[in-house]
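Visitor: Submitted below is the structure of interest, expressed as structure tokens.
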Amino acid sequence: MTTPPPYPQGPEGVAGGYQAPPDNYLVWAILTTVLCCLPLGIVSIVKSAKVNTLWAQGQHDEARRTAEEAKKFAIWSAIAGVVIGVVVGVGTAWSW
Amino acid sequence: MGIGPGDVTAAAAQTRRQRLRALAAPVATIGLGVAGAVAVWVGDPTSSGGMPLPPCPSKLLFGVCCPGCGGTRMLYSLMHGDLASAAHYNAVSLVVVLLLCWSLAAWVVGAWQGRRIRTWLQWRLTAPVTLVVFSTWFVIRNLPFPPFSGLYV
């Protein structure tokens, strides 16, 4: 006689228990996409979107890692945006 | 041992300090936003009259209209109560600005009450929907034929 497979559980043994996913920094991803550096901001939104999906699949460590990457790309996007903005701003003032 | 009136006052003072500290970040953000709004107001990007504001780098370097292009003109029109022009310059950014006002208000209230208030940012589908909307918006406003050509601003 075979034992029936156990009821599916999350990797951390939380059966049906709900934990809030980590902060996915979506607001910073959106802000840096609109205000700063488009390509890096888009990467940040993609990473943010993956955080909740991974969390829902029970891949909590992976979700936390992806959240950190989303934050990193938002920061790089902001830095790139400020650098480009200063260059363009100086150019605008120069030609004024 | 009872709790004296001095303890209550001390606890209240501590709560007040915690609240003020928690409010520092959202208040600083509001300050930045107001500074930006003043710059846009003075700059008047809808005409060539005001102080020159730097154009969007994607438009300047590549000639494409990015999802945020027209954003400063949209803000200027919005601050002057011209909703139709605001929607014309950048309808998506207009919605984003209104949503950001919502989350900013929730941030302030949450910091004051010492808890995190759920807004549109915590909805399950927000991130993927944002991605789809931004990508679609990026593509259609660069299509050179009607009805999309009017979206290039």
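If you're wondering about the labels, chains in the structure tokens are A, B, ... by order shown, residues count from 1 in each chain, ligands from 1 in order shown.
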From chain B, collect each residue whose DSSP state is helix (DSSP H, G or I) and return the set as a ChimeraX atom specification.
Guide: /B:5-43,57-62,71-79,83-113,120-122,126-140,149-151
Visitor: The selected residues should be written to file as an mmCIF file, in the first residue's frame (atoms: C-alpha atoms).
Guide:
```cif
data_model
loop_
_atom_site.group_PDB
_atom_site.id
_atom_site.type_symbol
_atom_site.label_atom_id
_atom_site.label_comp_id
_atom_site.auth_asym_id
_atom_site.auth_seq_id
_atom_site.Cartn_x
_atom_site.Cartn_y
_atom_site.Cartn_z
ATOM 1 C CA PRO B 5 1.351 61.486 35.067
ATOM 2 C CA GLY B 6 5.047 62.077 34.267
ATOM 3 C CA ASP B 7 5.304 58.632 32.586
ATOM 4 C CA VAL B 8 2.269 59.347 30.455
ATOM 5 C CA THR B 9 3.759 62.665 29.351
ATOM 6 C CA ALA B 10 7.092 60.986 28.575
ATOM 7 C CA ALA B 11 5.362 58.261 26.561
ATOM 8 C CA ALA B 12 3.364 60.852 24.642
ATOM 9 C CA ALA B 13 6.534 62.806 23.916
ATOM 10 C CA GLN B 14 8.236 59.641 22.675
ATOM 11 C CA THR B 15 5.280 58.825 20.410
ATOM 12 C CA ARG B 16 5.414 62.361 19.061
ATOM 13 C CA ARG B 17 9.158 62.042 18.343
ATOM 14 C CA GLN B 18 8.632 58.690 16.599
ATOM 15 C CA ARG B 19 5.867 60.163 14.470
ATOM 16 C CA LEU B 20 7.943 63.171 13.473
ATOM 17 C CA ARG B 21 10.885 60.922 12.585
ATOM 18 C CA ALA B 22 8.636 58.651 10.502
ATOM 19 C CA LEU B 23 7.237 61.687 8.709
ATOM 20 C CA ALA B 24 10.688 62.973 7.683
ATOM 21 C CA ALA B 25 10.958 60.894 4.495
ATOM 22 C CA PRO B 26 7.449 61.557 3.102
ATOM 23 C CA VAL B 27 7.705 65.264 3.986
ATOM 24 C CA ALA B 28 11.097 65.471 2.216
ATOM 25 C CA THR B 29 9.503 63.783 -0.820
ATOM 26 C CA ILE B 30 6.659 66.299 -0.794
ATOM 27 C CA GLY B 31 9.267 69.089 -0.611
ATOM 28 C CA LEU B 32 11.046 67.705 -3.678
ATOM 29 C CA GLY B 33 7.737 67.421 -5.504
ATOM 30 C CA VAL B 34 6.803 71.014 -4.673
ATOM 31 C CA ALA B 35 10.243 72.227 -5.823
ATOM 32 C CA GLY B 36 9.764 70.369 -9.105
ATOM 33 C CA ALA B 37 6.260 71.788 -9.506
ATOM 34 C CA VAL B 38 7.567 75.344 -8.945
ATOM 35 C CA ALA B 39 10.295 74.786 -11.577
ATOM 36 C CA VAL B 40 7.685 73.554 -14.078
ATOM 37 C CA TRP B 41 5.383 76.493 -13.246
ATOM 38 C CA VAL B 42 8.164 79.045 -13.751
ATOM 39 C CA GLY B 43 9.577 77.227 -16.776
ATOM 40 C CA PRO B 57 17.104 62.960 -23.343
ATOM 41 C CA SER B 58 15.383 60.224 -25.400
ATOM 42 C CA LYS B 59 13.744 62.864 -27.577
ATOM 43 C CA LEU B 60 16.927 64.942 -27.774
ATOM 44 C CA LEU B 61 19.293 62.047 -28.571
ATOM 45 C CA PHE B 62 17.114 59.600 -30.518
ATOM 46 C CA GLY B 71 5.270 64.949 -18.768
ATOM 47 C CA THR B 72 6.404 68.450 -17.795
ATOM 48 C CA ARG B 73 3.921 70.059 -20.209
ATOM 49 C CA MET B 74 1.255 67.747 -18.758
ATOM 50 C CA LEU B 75 2.154 68.930 -15.213
ATOM 51 C CA TYR B 76 2.062 72.575 -16.290
ATOM 52 C CA SER B 77 -1.391 72.133 -17.870
ATOM 53 C CA LEU B 78 -2.632 70.160 -14.847
ATOM 54 C CA MET B 79 -1.476 72.896 -12.438
ATOM 55 C CA LEU B 83 -7.214 68.813 -17.977
ATOM 56 C CA ALA B 84 -7.787 68.404 -21.722
ATOM 57 C CA SER B 85 -4.315 69.696 -22.584
ATOM 58 C CA ALA B 86 -2.810 67.642 -19.764
ATOM 59 C CA ALA B 87 -4.358 64.466 -21.201
ATOM 60 C CA HIS B 88 -3.193 65.470 -24.668
ATOM 61 C CA TYR B 89 0.444 65.875 -23.615
ATOM 62 C CA ASN B 90 0.679 62.597 -21.707
ATOM 63 C CA ALA B 91 -2.472 60.774 -20.610
ATOM 64 C CA VAL B 92 -0.550 57.878 -19.042
ATOM 65 C CA SER B 93 1.661 60.170 -16.937
ATOM 66 C CA LEU B 94 -1.454 62.082 -15.880
ATOM 67 C CA VAL B 95 -2.913 58.866 -14.448
ATOM 68 C CA VAL B 96 0.471 57.994 -12.881
ATOM 69 C CA VAL B 97 0.629 61.418 -11.188
ATOM 70 C CA LEU B 98 -2.848 60.953 -9.705
ATOM 71 C CA LEU B 99 -1.925 57.432 -8.517
ATOM 72 C CA LEU B 100 1.315 58.765 -6.992
ATOM 73 C CA CYS B 101 -0.676 61.423 -5.091
ATOM 74 C CA TRP B 102 -2.765 58.581 -3.674
ATOM 75 C CA SER B 103 0.269 56.575 -2.540
ATOM 76 C CA LEU B 104 1.954 59.709 -1.178
ATOM 77 C CA ALA B 105 -1.120 60.461 0.945
ATOM 78 C CA ALA B 106 -1.145 56.842 2.152
ATOM 79 C CA TRP B 107 2.582 57.122 2.971
ATOM 80 C CA VAL B 108 2.011 60.246 5.104
ATOM 81 C CA VAL B 109 -1.007 58.791 6.938
ATOM 82 C CA GLY B 110 0.761 55.428 7.388
ATOM 83 C CA ALA B 111 3.899 57.105 8.777
ATOM 84 C CA TRP B 112 1.752 59.073 11.224
ATOM 85 C CA GLN B 113 -0.145 55.966 12.370
ATOM 86 C CA TRP B 120 -2.452 50.353 -5.765
ATOM 87 C CA LEU B 121 1.288 49.658 -5.403
ATOM 88 C CA GLN B 122 0.594 46.432 -3.500
ATOM 89 C CA THR B 126 0.196 46.385 -10.728
ATOM 90 C CA ALA B 127 3.735 45.560 -11.854
ATOM 91 C CA PRO B 128 2.828 43.435 -14.930
ATOM 92 C CA VAL B 129 0.064 45.873 -15.955
ATOM 93 C CA THR B 130 2.499 48.798 -15.610
ATOM 94 C CA LEU B 131 4.956 46.972 -17.828
ATOM 95 C CA VAL B 132 2.343 46.288 -20.514
ATOM 96 C CA VAL B 133 0.920 49.830 -20.387
ATOM 97 C CA PHE B 134 4.355 51.500 -20.570
ATOM 98 C CA SER B 135 5.561 49.288 -23.445
ATOM 99 C CA THR B 136 2.332 49.729 -25.430
ATOM 100 C CA TRP B 137 2.339 53.471 -24.761
ATOM 101 C CA PHE B 138 5.967 53.703 -25.883
ATOM 102 C CA VAL B 139 5.199 51.971 -29.177
ATOM 103 C CA ILE B 140 1.869 53.554 -30.146
ATOM 104 C CA SER B 149 0.342 60.263 -34.825
ATOM 105 C CA GLY B 150 -1.464 62.704 -32.506
ATOM 106 C CA LEU B 151 0.114 60.970 -29.517
#
```
Visitor: May I have a table of the residues of chain A lying at most 8 Å from chain B, giving each one's closest pair of atoms and their distance in Å to one decimal, counting only C-alpha atoms, ordered by chain and ascending residue number, as CSV?
Guide:
```
residue,atom,partner,partner_atom,distance
A:Leu26,CA,B:Ala127,CA,6.8
A:Val27,CA,B:Leu121,CA,6.9
A:Thr33,CA,B:Gly68,CA,7.7
A:Val34,CA,B:Gly68,CA,4.6
A:Leu35,CA,B:Gly68,CA,6.7
A:Leu38,CA,B:Cys66,CA,7.7
A:Ile42,CA,B:Leu131,CA,7.4
A:Ile45,CA,B:Ala127,CA,6.5
A:Val46,CA,B:Leu131,CA,7.0
A:Ser48,CA,B:Ala127,CA,6.3
A:Ala49,CA,B:Ala127,CA,4.6
A:Asn52,CA,B:Arg124,CA,6.9
A:Ile84,CA,B:Pro57,CA,7.1
A:Gly85,CA,B:Pro54,CA,7.3
A:Val88,CA,B:Pro54,CA,6.1
A:Gly89,CA,B:Pro54,CA,5.0
A:Thr92,CA,B:Pro54,CA,6.0
A:Ala93,CA,B:Pro52,CA,7.5
A:Trp96,CA,B:Pro52,CA,7.6
```
Visitor: Extract, using only C-alpha atoms, all DNA, RNA and protein residues at most 10 Å from Ile75 (chain A), discarding same-chain residues fewer than 6 positions from it, and format them as a compact mmCIF listing (two decimals) with C-alpha atoms, in the first residue's frame.
Guide:
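Dumped everything to selection_2.txt:
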```
# COMPACT_ATOMS: atom_id res chain seq x y z
CA TRP A 28 10.86 53.69 -7.58
CA ALA A 29 10.91 51.61 -10.74
CA THR A 32 12.88 56.29 -12.53
CA LEU A 40 17.22 50.65 -16.75
CA GLY A 41 13.84 51.67 -15.31
CA SER A 44 13.54 47.50 -12.72
CA GLU A 69 17.88 43.62 -7.99
CA GLY A 81 19.04 59.91 -15.21
```
Visitor: One number please: CA of Leu143 (chain B) to CA of Ile30 (chain A), in Å, one decimal.
Guide: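 About the pair CA of Leu143 (chain B) and CA of Ile30 (chain A): they are 23.1 Å apart.
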Visitor: Just want the 10 Å neighbourhood of region 19-22 of chain A, counted on only C-alpha atoms, with same-chain residues fewer than 6 positions away dropped. Output as a PyMOL selection string.
Guide: (chain A and resi 51-56+60+63-68) or (chain B and resi 122)
